[in-house]
Amino acid sequence: MNHVRNFVVLPSLPEPLKPLRELINNLWWTWNPDAIELIRRLDIDMWRDLKHNPVTMLAQIPQERLDRLARDPAYIASLGRVLDSLSAYLKGRTYYKEHYGARDIGMIAYFSAEFGLHECLPIYSGGLGVLAGDHLKSASDLGLPLVGVGLLYRQGYFHQFLTNDGYQFEDYPDLDFATLPIQPMRTSDGKQLSVSMDVGGHEVVANVWKVLVGRVTLYLLDTNVPSNRREDRDITARLYGGDQEVRIRQEIVLGIGGVRLLAELGVEPSVCHMNEGHSAFLAVERIHQQMKKFHLSFEEAREVVSTGTVFTTHTPVPAGIDRFPPALVTKYLGNYCRSLGIDEETLLRLGRMNAKDSHEPFSMAVLALRLSYLSNGVSQLHGKVSREMFGEVYPGVPVNEVPITSITNGVHIRSWLSRDVAHLYDQYLGPQWSEDPLDQEIWKRVDLVPDAELWRVHERLRARLVAFARRRMRNQLIARGAPPAEVDSTDEVLDPEALTIGFARRFATYKRASLFLYDQERLARLLTDPHRPVQMIISGKAHPKDEAGKELIKKLVVFSKQPHLRNRIVFLEDYDMSSARLLIEGVDVWLNTPIKLHEASGTSGMKVTPNGGLNLSILDGWWPEAYDGTNGWAIGDRRIYGNQDYQDFMEAQSLYELLEKEIIPMYYDRGQDGLPRRWIGVMKSSMKTCCPVFNSNRMVGEYLERFYLPAGRRWCRFREENYRVTREVAAWRNKLLDKWNEVRIEGVQAEIPSEPTVGNELPVSAYIRLGSISPEEVSVELYFGPLDAGGLINVGHTAPLKCQGNNGSPDSYRYSGVIPCTYSGRYGYALRIVPHHPEMAARYHIGLVRWG
């Protein structure tokens, strides 16, 4: 038995340095170059060795060093300037207040299973978490009334170690929360704030922590509490660790516990944003709270909660979505269902594509869709893929009308922009380039940056990346016990002046990391050309249970260890935000080769553009929206072949052809001044076209305008007058669900001439029997459009029909309208009836369509 009690000894900060603690506990410093430089000056070597963690630095820095800095007037003056900047940022007028201050929608709560804010807080695994971190940073920049909610993982994501032959092993060291930029939330009596919830028939307690992210606060839940059972203390041990039982318990804590922690803090958000389906139980808990506080039925509470809930899906393949066996959901949420006054089947139906299929697994994404007002994919192409993937949730609805839209991702430019390039922007774009977060016109001034200066900065960043890669390779070899001669050989790895291609991401098979190895001899010739050399820096982790992903890493490492290639291609272990930052700052080309329609967005490629890197990518995710022929390169075209082997062959050939005939010649085409003018032109085109669009300020601004404001207004309206609208809509929904079988289409007549021409309007009459439903409660419309070769309407249009009165009996009506002939070609049409209510969230959410 361990009887040791603990306490934390903090350094004795001299009075002039005491404001440092305030600075390092707000992650605003992570995107402020002056603040980073100030912290770095505490001890440059320690800054690097401690992975840029200022809290650990302050805990370990020698007292004499602190005393010396306290007497350094230059350092104290710099500290004062940085603190003034932080104060001005926190107190300044914001974009939100400037443009939306009069439209107060209350608080927005953003839920995510991971947040990638900085490498010193390793509670992220990859793109989803970094996107969530960038979302919070831009919400802070714009001044949105937003809080984040997530989990605090004691072991975070794993650290990666490779054997000599490239096989991946994982290590899970415990994080020391005392050395992280997090703070425990306290109750009035000084105890740490906690919340509890039922998880599988017993109580689980979670402590609450907070992280300051500029103007935004992120709240994190941690179940490593002594009063919990051992298995419950481990719920928040690892990100994406464990089996399905661990995952469902984590998602109960995130969703249900997250809503309860906000209630403990007195925060009742008007809008909850689910970043992926992991947090979908939050909607169920909001229903629970509305039922208890305002004596609503389950159906009424569901109606109001869905108005204030929005959902973003990031997964383009069904295998990437959390799906649980019905028995597992019953095991962990059976008691919870009884507290809601519903049976378990009611909850299970909400999580099935086909609600009536009792054998279908319970999908968190489907639950999120069914309980949300608005839903989106993260690129235009991903929105289309998502409508196809989730079409079964909306039976009878054409794919193009499935209510999933798209808001394309972006990156927080200040977080991913090198200090050197930021200085160029300040000088030539003007300091206002980052002051108005949504001013897209500023990026047109990139042409004012002199080619020579831009290229010198880029060369310096590439040299810095090469130096980092050599250091990392040296440390990897030392850790593996390599002989001194092999360790010393890392000084010759890579060339600071060679064309440098970066490939770094999660090693899932759909990312197709081995596409550039399709013809290894051809690739080797490119890498070893003595006159126009090319080099590759590769990094990334495979999920611990993904053996196929681990084999990809092993294949790459074996390839790179060939004697004639070892200085031209390197694999860097333990990819994280720190190494990602150096990579995206220093590479010339960022390579992306996913299987088409499998990349939801791909934000890594967005991060290179403000630093001058260029994208060489499959036309998937965000790249089809960004690529215009002048700002990078597209591998292959938009076609999708029926055979994946042939697709790989065609796209591998395209990749090699682009490198051999366009990219390498352009890079080494130098004028008398030594500048690659054509290359620099593409760099500037990429900056001008990509930076103003694919940034998270634009993204969050779009969420605000298209999601948060409409959802917030509906939330307020549905709660007015003792939930009058909520009760009306719930009663209307129940009526239609009960009486929809009475609706019949009895006949349709269309007056179609023998040779209709463009511009004609073809009259149509329909005869409808509605039974107990009134004409005001439905919309009768024509669905029409050109037919494809299979006789199907690919992209249809709608034309409403107007009720002309009764047709011989009280529940039978005649409707009339026209089909406009807008295009030439073969047309098709069909009649349909859909529910209608002026306050309905979306016409297809109720799941009723009658076709004739």
# chains A, B, ... in the order shown; residues from 1 in each chain; ligands from 1
>>> residues_around(residues="range 637-644 of chain A", least_positions_apart="3", cutoff="7 Å", atoms="only C-alpha atoms", output="PyMOL selection string")
chain A and resi 619+647-648
>>> write_last_selection(atoms="all heavy atoms", output="CSV table (one decimal), in the first residue's frame")
chain,number,residue,atom,x,y,z
A,619,LEU,N,-6.6,14.3,-56.1
A,619,LEU,CA,-7.7,15.2,-56.0
A,619,LEU,C,-8.8,14.6,-55.1
A,619,LEU,O,-9.8,14.1,-55.5
A,619,LEU,CB,-8.3,15.4,-57.4
A,619,LEU,CG,-7.5,16.4,-58.3
A,619,LEU,CD1,-7.9,16.3,-59.8
A,619,LEU,CD2,-7.6,17.8,-57.8
A,647,GLN,N,-6.1,1.7,-60.5
A,647,GLN,CA,-6.1,3.1,-60.0
A,647,GLN,C,-4.7,3.4,-59.4
A,647,GLN,O,-4.1,4.5,-59.7
A,647,GLN,CB,-7.1,3.3,-58.9
A,647,GLN,CG,-7.3,4.7,-58.4
A,647,GLN,CD,-8.5,5.4,-59.2
A,647,GLN,OE1,-9.4,4.8,-59.6
A,647,GLN,NE2,-8.3,6.7,-59.3
A,648,ASP,N,-4.1,2.5,-58.7
A,648,ASP,CA,-2.8,2.7,-58.1
A,648,ASP,C,-1.8,2.8,-59.2
A,648,ASP,O,-0.9,3.7,-59.2
A,648,ASP,CB,-2.4,1.5,-57.3
A,648,ASP,CG,-3.2,1.4,-56.0
A,648,ASP,OD1,-3.9,2.4,-55.6
A,648,ASP,OD2,-3.2,0.3,-55.3
>>> residues_around(residues="Leu128 in chain A", least_positions_apart="4", cutoff="8 Å", atoms="only C-alpha atoms", output="list in words")
Glu114, Phe115, Ala132 and His314 of chain A
>>> select_by_dssp(residues="range 4-236 of chain A", states="helix (DSSP H, G or I)", output="count of residues only")
91
>>> residues_around(residues="His278 in chain A", least_positions_apart="5", cutoff="7 Å", atoms="only C-alpha atoms", output="JSON, numbers by chain")
{"A": [113, 251, 364]}
>>> write_last_selection(atoms="C-alpha atoms", output="short mmCIF file (atom, residue, chain, number, x, y, z; two decimals), in the first residue's frame")
data_model
loop_
_atom_site.label_atom_id
_atom_site.label_comp_id
_atom_site.auth_asym_id
_atom_site.auth_seq_id
_atom_site.Cartn_x
_atom_site.Cartn_y
_atom_site.Cartn_z
CA ALA A 113 -12.55 13.45 -28.07
CA GLU A 251 -17.90 8.37 -24.86
CA MET A 364 -22.58 7.09 -32.77
#
>>> select_by_dssp(residues="range 131-197 of chain A", states="strand (DSSP E or B)", output="PyMOL selection string")
chain A and resi 146-151+159-162+168-171+183-184+186+192+194-197
>>> closest_residue(among="A:Thr726, A:Ser386, A:Ser194, A:Thr757", to="Tyr827 in chain A", atoms="only C-alpha atoms")
A:Thr757
>>> residues_around(residues="Phe324 in chain A", least_positions_apart="5", cutoff="7 Å", atoms="only C-alpha atoms", output="list of chain:residue names")
A:Val329, A:Pro361, A:Phe362, A:Ser363
>>> write_last_selection(atoms="C-alpha atoms", output="PDB file, in the first residue's frame")
ATOM      1  CA  VAL A 329     -25.305  -0.238 -25.347  1.00  0.00           C
ATOM      2  CA  PRO A 361     -25.022  -2.118 -34.548  1.00  0.00           C
ATOM      3  CA  PHE A 362     -25.530   1.174 -32.742  1.00  0.00           C
ATOM      4  CA  SER A 363     -23.721   3.976 -34.606  1.00  0.00           C
TER       5      SER A 363
END
>>> residues_around(residues="Thr94 in chain A", least_positions_apart="5", cutoff="10 Å", atoms="only C-alpha atoms", output="number ranges by chain")
A: 89, 99-101, 140-144, 435-437
>>> closest_residue(among="A:Leu438, A:Leu86, A:Leu614, A:Ala766", to="Pro692 in chain A", atoms="only C-alpha atoms")
A:Leu438
>>> closest_atom_pairs(of="range 415-501 of chain A", to="range 538-554 of chain A", cutoff="12 Å", atoms="only C-alpha atoms", output="tab-separated table")
residue	atom	partner	partner_atom	distance
A:Ala469	CA	A:Ile538	CA	10.1
A:Arg472	CA	A:Ser539	CA	11.4
A:Met473	CA	A:Ser539	CA	11.7
A:Thr500	CA	A:Ile538	CA	10.6
A:Ile501	CA	A:Ile538	CA	8.5
>>> decode(residues="range 745-759 of chain A", atoms="all heavy atoms", output="PDB file, in the first residue's frame")
ATOM      1  N   ILE A 745     -51.393   8.618 -52.703  1.00  0.00           N
ATOM      2  CA  ILE A 745     -51.399   9.314 -53.983  1.00  0.00           C
ATOM      3  C   ILE A 745     -52.312   8.503 -54.906  1.00  0.00           C
ATOM      4  O   ILE A 745     -51.986   7.367 -55.268  1.00  0.00           O
ATOM      5  CB  ILE A 745     -49.981   9.434 -54.571  1.00  0.00           C
ATOM      6  CG1 ILE A 745     -49.113  10.284 -53.635  1.00  0.00           C
ATOM      7  CG2 ILE A 745     -50.010  10.037 -55.973  1.00  0.00           C
ATOM      8  CD1 ILE A 745     -47.655  10.332 -54.021  1.00  0.00           C
ATOM      9  N   GLU A 746     -53.436   9.085 -55.284  1.00  0.00           N
ATOM     10  CA  GLU A 746     -54.444   8.333 -56.011  1.00  0.00           C
ATOM     11  C   GLU A 746     -54.323   8.469 -57.517  1.00  0.00           C
ATOM     12  O   GLU A 746     -54.857   7.645 -58.263  1.00  0.00           O
ATOM     13  CB  GLU A 746     -55.842   8.770 -55.554  1.00  0.00           C
ATOM     14  CG  GLU A 746     -56.078   8.471 -54.057  1.00  0.00           C
ATOM     15  CD  GLU A 746     -57.490   8.787 -53.623  1.00  0.00           C
ATOM     16  OE1 GLU A 746     -58.018   9.831 -54.055  1.00  0.00           O
ATOM     17  OE2 GLU A 746     -58.060   7.994 -52.853  1.00  0.00           O
ATOM     18  N   GLY A 747     -53.644   9.511 -57.981  1.00  0.00           N
ATOM     19  CA  GLY A 747     -53.477   9.656 -59.416  1.00  0.00           C
ATOM     20  C   GLY A 747     -52.655  10.873 -59.770  1.00  0.00           C
ATOM     21  O   GLY A 747     -52.612  11.852 -59.014  1.00  0.00           O
ATOM     22  N   VAL A 748     -51.965  10.792 -60.908  1.00  0.00           N
ATOM     23  CA  VAL A 748     -51.160  11.898 -61.408  1.00  0.00           C
ATOM     24  C   VAL A 748     -51.409  12.016 -62.904  1.00  0.00           C
ATOM     25  O   VAL A 748     -51.386  11.003 -63.635  1.00  0.00           O
ATOM     26  CB  VAL A 748     -49.645  11.677 -61.160  1.00  0.00           C
ATOM     27  CG1 VAL A 748     -48.845  12.869 -61.672  1.00  0.00           C
ATOM     28  CG2 VAL A 748     -49.369  11.437 -59.696  1.00  0.00           C
ATOM     29  N   GLN A 749     -51.681  13.231 -63.383  1.00  0.00           N
ATOM     30  CA  GLN A 749     -51.895  13.470 -64.802  1.00  0.00           C
ATOM     31  C   GLN A 749     -50.972  14.588 -65.267  1.00  0.00           C
ATOM     32  O   GLN A 749     -50.935  15.661 -64.647  1.00  0.00           O
ATOM     33  CB  GLN A 749     -53.350  13.850 -65.083  1.00  0.00           C
ATOM     34  CG  GLN A 749     -54.341  12.741 -64.759  1.00  0.00           C
ATOM     35  CD  GLN A 749     -55.765  13.178 -64.974  1.00  0.00           C
ATOM     36  OE1 GLN A 749     -56.039  14.339 -65.233  1.00  0.00           O
ATOM     37  NE2 GLN A 749     -56.694  12.216 -64.881  1.00  0.00           N
ATOM     38  N   ALA A 750     -50.215  14.341 -66.320  1.00  0.00           N
ATOM     39  CA  ALA A 750     -49.325  15.349 -66.886  1.00  0.00           C
ATOM     40  C   ALA A 750     -49.667  15.568 -68.344  1.00  0.00           C
ATOM     41  O   ALA A 750     -49.882  14.605 -69.100  1.00  0.00           O
ATOM     42  CB  ALA A 750     -47.873  14.905 -66.742  1.00  0.00           C
ATOM     43  N   GLU A 751     -49.762  16.823 -68.756  1.00  0.00           N
ATOM     44  CA  GLU A 751     -50.063  17.175 -70.144  1.00  0.00           C
ATOM     45  C   GLU A 751     -48.741  17.395 -70.871  1.00  0.00           C
ATOM     46  O   GLU A 751     -48.172  18.494 -70.847  1.00  0.00           O
ATOM     47  CB  GLU A 751     -50.945  18.417 -70.197  1.00  0.00           C
ATOM     48  CG  GLU A 751     -52.282  18.246 -69.488  1.00  0.00           C
ATOM     49  CD  GLU A 751     -53.099  19.535 -69.492  1.00  0.00           C
ATOM     50  OE1 GLU A 751     -52.855  20.391 -70.374  1.00  0.00           O
ATOM     51  OE2 GLU A 751     -53.967  19.681 -68.606  1.00  0.00           O
ATOM     52  N   ILE A 752     -48.225  16.325 -71.500  1.00  0.00           N
ATOM     53  CA  ILE A 752     -46.920  16.387 -72.159  1.00  0.00           C
ATOM     54  C   ILE A 752     -47.132  16.344 -73.668  1.00  0.00           C
ATOM     55  O   ILE A 752     -47.659  15.349 -74.206  1.00  0.00           O
ATOM     56  CB  ILE A 752     -46.038  15.211 -71.716  1.00  0.00           C
ATOM     57  CG1 ILE A 752     -45.855  15.250 -70.183  1.00  0.00           C
ATOM     58  CG2 ILE A 752     -44.675  15.269 -72.406  1.00  0.00           C
ATOM     59  CD1 ILE A 752     -45.045  14.104 -69.623  1.00  0.00           C
ATOM     60  N   PRO A 753     -46.748  17.395 -74.392  1.00  0.00           N
ATOM     61  CA  PRO A 753     -46.893  17.391 -75.851  1.00  0.00           C
ATOM     62  C   PRO A 753     -45.967  16.368 -76.483  1.00  0.00           C
ATOM     63  O   PRO A 753     -45.046  15.850 -75.851  1.00  0.00           O
ATOM     64  CB  PRO A 753     -46.509  18.822 -76.245  1.00  0.00           C
ATOM     65  CG  PRO A 753     -45.661  19.315 -75.126  1.00  0.00           C
ATOM     66  CD  PRO A 753     -46.170  18.641 -73.888  1.00  0.00           C
ATOM     67  N   SER A 754     -46.193  16.071 -77.749  1.00  0.00           N
ATOM     68  CA  SER A 754     -45.397  15.048 -78.433  1.00  0.00           C
ATOM     69  C   SER A 754     -43.934  15.448 -78.521  1.00  0.00           C
ATOM     70  O   SER A 754     -43.050  14.588 -78.477  1.00  0.00           O
ATOM     71  CB  SER A 754     -45.960  14.798 -79.832  1.00  0.00           C
ATOM     72  OG  SER A 754     -45.955  16.006 -80.593  1.00  0.00           O
ATOM     73  N   GLU A 755     -43.620  16.749 -78.644  1.00  0.00           N
ATOM     74  CA  GLU A 755     -42.230  17.198 -78.744  1.00  0.00           C
ATOM     75  C   GLU A 755     -42.020  18.441 -77.875  1.00  0.00           C
ATOM     76  O   GLU A 755     -41.957  19.567 -78.383  1.00  0.00           O
ATOM     77  CB  GLU A 755     -41.855  17.488 -80.199  1.00  0.00           C
ATOM     78  CG  GLU A 755     -41.839  16.255 -81.079  1.00  0.00           C
ATOM     79  CD  GLU A 755     -41.402  16.571 -82.499  1.00  0.00           C
ATOM     80  OE1 GLU A 755     -41.258  17.773 -82.814  1.00  0.00           O
ATOM     81  OE2 GLU A 755     -41.189  15.632 -83.279  1.00  0.00           O
ATOM     82  N   PRO A 756     -41.939  18.271 -76.556  1.00  0.00           N
ATOM     83  CA  PRO A 756     -41.708  19.441 -75.700  1.00  0.00           C
ATOM     84  C   PRO A 756     -40.333  20.034 -75.973  1.00  0.00           C
ATOM     85  O   PRO A 756     -39.395  19.320 -76.306  1.00  0.00           O
ATOM     86  CB  PRO A 756     -41.794  18.866 -74.281  1.00  0.00           C
ATOM     87  CG  PRO A 756     -41.492  17.414 -74.436  1.00  0.00           C
ATOM     88  CD  PRO A 756     -42.022  17.022 -75.786  1.00  0.00           C
ATOM     89  N   THR A 757     -40.223  21.346 -75.851  1.00  0.00           N
ATOM     90  CA  THR A 757     -38.955  22.029 -76.088  1.00  0.00           C
ATOM     91  C   THR A 757     -38.548  22.817 -74.846  1.00  0.00           C
ATOM     92  O   THR A 757     -39.362  23.069 -73.949  1.00  0.00           O
ATOM     93  CB  THR A 757     -39.065  22.988 -77.289  1.00  0.00           C
ATOM     94  OG1 THR A 757     -40.097  23.950 -77.023  1.00  0.00           O
ATOM     95  CG2 THR A 757     -39.392  22.217 -78.564  1.00  0.00           C
ATOM     96  N   VAL A 758     -37.265  23.213 -74.821  1.00  0.00           N
ATOM     97  CA  VAL A 758     -36.762  24.019 -73.710  1.00  0.00           C
ATOM     98  C   VAL A 758     -37.608  25.287 -73.590  1.00  0.00           C
ATOM     99  O   VAL A 758     -37.867  25.977 -74.578  1.00  0.00           O
ATOM    100  CB  VAL A 758     -35.273  24.365 -73.919  1.00  0.00           C
ATOM    101  CG1 VAL A 758     -34.814  25.367 -72.864  1.00  0.00           C
ATOM    102  CG2 VAL A 758     -34.418  23.105 -73.872  1.00  0.00           C
ATOM    103  N   GLY A 759     -38.015  25.579 -72.382  1.00  0.00           N
ATOM    104  CA  GLY A 759     -38.867  26.740 -72.137  1.00  0.00           C
ATOM    105  C   GLY A 759     -40.309  26.381 -71.898  1.00  0.00           C
ATOM    106  O   GLY A 759     -41.073  27.179 -71.340  1.00  0.00           O
TER     107      GLY A 759
END
